[in-house]
Every structure is written in C-alpha cells, then in structure tokens.
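Engineer: Right, I'll just put the structure down here and ask away after.
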Amino acid sequence: MSKVKFLVLFLAVAGISLSSCKKEDPAPTKKELLSKTWKISEFYEDGQQINDPSLASIRLTYNTNGTYTSIGFGDNSTGTWEFNSDETRIVMDKGTADEMTVSISTLTATSLKITWNADGSAYEVTWSPV
C-alpha cells in the first residue's frame with residue numbers, strides 16, 4: 001500500500017512541476033512595439049504645449065517592412081524608416097533631402113514619445129496607438 005501512495009504522490013508532484021514550466025512569450029522587439037498606427041496625444045514646441053484641434057487628425061503608421069505612412073493636414077506622405085544601431089533613434093527617409101532623425105524617449109505598447117530639433121525649435125510629441 002505504501003508503494004501505491006508513493007507512486008500517486010510522485011505523479012502528482014511531477015504533474016505540478018511540469019505544468020508550472022510553461023514557456024513564456026518573448027518580450028516584443030522595438031520594431032514590433034513601433035509597428036502600428038499612432039495618433040498624437042501631446043505636442044510640445046519649445047516646452048509649450050500646443051493645443052491645436054487639427055493635431056487630433058494626424059496619423060503615423062510604421063510598418064514592419066521599414067515603410068511608413070503619415071496622414072494629416074490634408075496631406076499623405078510615405079517613406080522609409082529604420083532604427084539607428086542602438087535603436088534609440090528613428091531615421092526617416094535616410095539618404096534623401098527629407099531625411100529626419102528623432103530620438104525615442106519612450107517606446108511601449110501604449111506610448112511613443114519622440115523628440116527632435118528643427119528650425120531652431122525643440123519638439124516633443126507623445127503618440128498613442130489608434
């Protein structure tokens with residue numbers, strides 16, 4: 001009888017041990033986090049928040065194949081994007097007259113915050129997924 005109890009106990013412990021070893025999903029890559037459609041949540045120019053209602057219509061879509069689409073202000077544009085080597089910046093339209101690099105302050109599944117300087121002004125934009 002004690003062998004039967006031992007066998008049942010052993011199988012129960014082994015079953016619990018094996019079921020608790022489920023493989024977790026890997027964390028998403030920065031490319032996976034970025035690749036979606038974003039809308040502006042906050043826009044700052046030189047530290048001053050800009051509350052222009054037309055900003056709400058702007059959409060920016062980063063695709064996993066390295067292309068992007070920007071929609072807003074009655075204008076649609078497309079181009080290419082890539083990360084710099086340490087994935088802290090996004091380089092858009094590299095090698096063209098429209099090349100632009102933005103620094104990534106935050107990149108999560110629910111927030112993208114970027115900063116850049118242009119025409120003597122500093123910009124900070126926070127985006128949320130659509």
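Simple scheme: letters A, B, ... for chains in structure tokens order, numbers from 1 for residues in each chain, numbers from 1 for ligands in the order shown.
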For the helix (DSSP H, G or I) assignment from backbone DSSP, which residues of chain A qualify? Please present them as a list in words.

Structural biologist: Ser2, Lys3, Val4, Lys5, Phe6, Leu7, Val8, Leu9, Phe10, Leu11, Ala12, Val13, Ala14, Gly15, Ile16, Ser17, Leu18, Ser19, Lys30, Lys31, Glu32, Leu33, Leu34, Pro53, Ser54, Leu55, Ala56 and Ser57 of chain A

Engineer: Please list as a list in words every residue within 12 Å of Ala27 in chain A, counting only C-alpha atoms and excluding residues in the same chain fewer than 4 positions away.

Structural biologist: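 Final neighbour list, sorted by chain and number: Lys31, Glu32, Leu33, Thr108 and Ala109 of chain A.
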
Engineer: Convert the current residue selection to file output with all heavy atoms, as a PDB file, in the first residue's frame.

Structural biologist:
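selection25.pdb written:
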```pdb
ATOM      1  N   LYS A  31      10.961  46.971 -32.829  1.00  0.00           N
ATOM      2  CA  LYS A  31      10.301  47.055 -34.133  1.00  0.00           C
ATOM      3  C   LYS A  31       8.838  46.648 -34.025  1.00  0.00           C
ATOM      4  O   LYS A  31       7.960  47.290 -34.603  1.00  0.00           O
ATOM      5  CB  LYS A  31      11.027  46.181 -35.153  1.00  0.00           C
ATOM      6  CG  LYS A  31      10.527  46.331 -36.572  1.00  0.00           C
ATOM      7  CD  LYS A  31      11.357  45.487 -37.518  1.00  0.00           C
ATOM      8  CE  LYS A  31      11.473  46.164 -38.852  1.00  0.00           C
ATOM      9  NZ  LYS A  31      12.314  45.435 -39.787  1.00  0.00           N
ATOM     10  N   GLU A  32       8.566  45.590 -33.264  1.00  0.00           N
ATOM     11  CA  GLU A  32       7.184  45.147 -33.072  1.00  0.00           C
ATOM     12  C   GLU A  32       6.380  46.182 -32.288  1.00  0.00           C
ATOM     13  O   GLU A  32       5.208  46.422 -32.589  1.00  0.00           O
ATOM     14  CB  GLU A  32       7.155  43.798 -32.352  1.00  0.00           C
ATOM     15  CG  GLU A  32       7.662  42.659 -33.202  1.00  0.00           C
ATOM     16  CD  GLU A  32       7.903  41.370 -32.423  1.00  0.00           C
ATOM     17  OE1 GLU A  32       8.117  41.418 -31.194  1.00  0.00           O
ATOM     18  OE2 GLU A  32       7.889  40.305 -33.059  1.00  0.00           O
ATOM     19  N   LEU A  33       7.003  46.800 -31.278  1.00  0.00           N
ATOM     20  CA  LEU A  33       6.310  47.830 -30.500  1.00  0.00           C
ATOM     21  C   LEU A  33       5.980  49.047 -31.359  1.00  0.00           C
ATOM     22  O   LEU A  33       4.911  49.643 -31.232  1.00  0.00           O
ATOM     23  CB  LEU A  33       7.163  48.266 -29.304  1.00  0.00           C
ATOM     24  CG  LEU A  33       7.316  47.262 -28.168  1.00  0.00           C
ATOM     25  CD1 LEU A  33       8.357  47.746 -27.166  1.00  0.00           C
ATOM     26  CD2 LEU A  33       5.974  47.014 -27.483  1.00  0.00           C
ATOM     27  N   THR A 108       6.647  51.950 -25.682  1.00  0.00           N
ATOM     28  CA  THR A 108       5.961  50.817 -25.066  1.00  0.00           C
ATOM     29  C   THR A 108       4.804  50.430 -25.979  1.00  0.00           C
ATOM     30  O   THR A 108       4.593  51.066 -27.016  1.00  0.00           O
ATOM     31  CB  THR A 108       5.413  51.173 -23.664  1.00  0.00           C
ATOM     32  OG1 THR A 108       4.366  52.148 -23.808  1.00  0.00           O
ATOM     33  CG2 THR A 108       6.508  51.711 -22.752  1.00  0.00           C
ATOM     34  N   ALA A 109       4.038  49.441 -25.582  1.00  0.00           N
ATOM     35  CA  ALA A 109       2.883  49.035 -26.386  1.00  0.00           C
ATOM     36  C   ALA A 109       1.821  50.128 -26.432  1.00  0.00           C
ATOM     37  O   ALA A 109       1.002  50.168 -27.351  1.00  0.00           O
ATOM     38  CB  ALA A 109       2.287  47.754 -25.819  1.00  0.00           C
TER      39      ALA A 109
END
```

Engineer: With a distance cut-off of 6 Å and only C-alpha atoms, select the neighbouring residues of range 60-76 of chain A, excluding the residue or stretch itself and same-chain residues fewer than 5 positions from it, and output the selection as a list in words.

Structural biologist: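 Neighbouring residues, sequence-local ones excluded: Ser35, Lys36, Thr37, Trp38 and Trp81 of chain A.
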
Engineer: Excluding Gln49 in chain A and its own-chain neighbours fewer than 6 positions away, which residues fall within 10 Å of it when counting only C-alpha atoms? Please give them as an mmCIF file with N, CA and C atoms, in the first residue's frame.

Structural biologist:
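Output below, filename result.cif:
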```cif
data_model
loop_
_atom_site.group_PDB
_atom_site.id
_atom_site.type_symbol
_atom_site.label_atom_id
_atom_site.label_comp_id
_atom_site.auth_asym_id
_atom_site.auth_seq_id
_atom_site.Cartn_x
_atom_site.Cartn_y
_atom_site.Cartn_z
ATOM 1 N N GLU A 42 0.031 64.328 -27.120
ATOM 2 C CA GLU A 42 0.545 65.608 -26.620
ATOM 3 C C GLU A 42 1.598 66.116 -27.596
ATOM 4 N N PHE A 43 1.621 67.427 -27.766
ATOM 5 C CA PHE A 43 2.577 68.056 -28.674
ATOM 6 C C PHE A 43 3.139 69.297 -27.992
ATOM 7 N N TYR A 123 11.100 70.013 -30.270
ATOM 8 C CA TYR A 123 9.774 69.399 -30.300
ATOM 9 C C TYR A 123 9.776 68.124 -29.459
ATOM 10 N N GLU A 124 8.639 67.894 -28.823
ATOM 11 C CA GLU A 124 8.412 66.663 -28.068
ATOM 12 C C GLU A 124 6.977 66.236 -28.323
ATOM 13 N N VAL A 125 6.814 65.043 -28.858
ATOM 14 C CA VAL A 125 5.484 64.553 -29.196
ATOM 15 C C VAL A 125 5.272 63.184 -28.564
#
```

Engineer: Determine, counting only C-alpha atoms, which protein, DNA and RNA residues have an atom within 8 Å of an atom of Lys30 in chain A; residues of the same chain fewer than 3 positions away are not included. Present the result as a ChimeraX atom specification.

Structural biologist: /A:33-34,87,107

Engineer: Using only C-alpha atoms, find the one residue out of A:Glu24, A:Asp46, A:Glu82, A:Asp52 that sits nearest to Ser121 in chain A.

Structural biologist: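 Once distances to Ser121 in chain A are computed over only C-alpha atoms, the minimum belongs to A:Asp46.
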
Engineer: To one decimal place, how far is CA of Leu55 in chain A from CA of Ser128 in chain A in Å?

Structural biologist: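 Here the two named atoms are 12.7 Å from each other.
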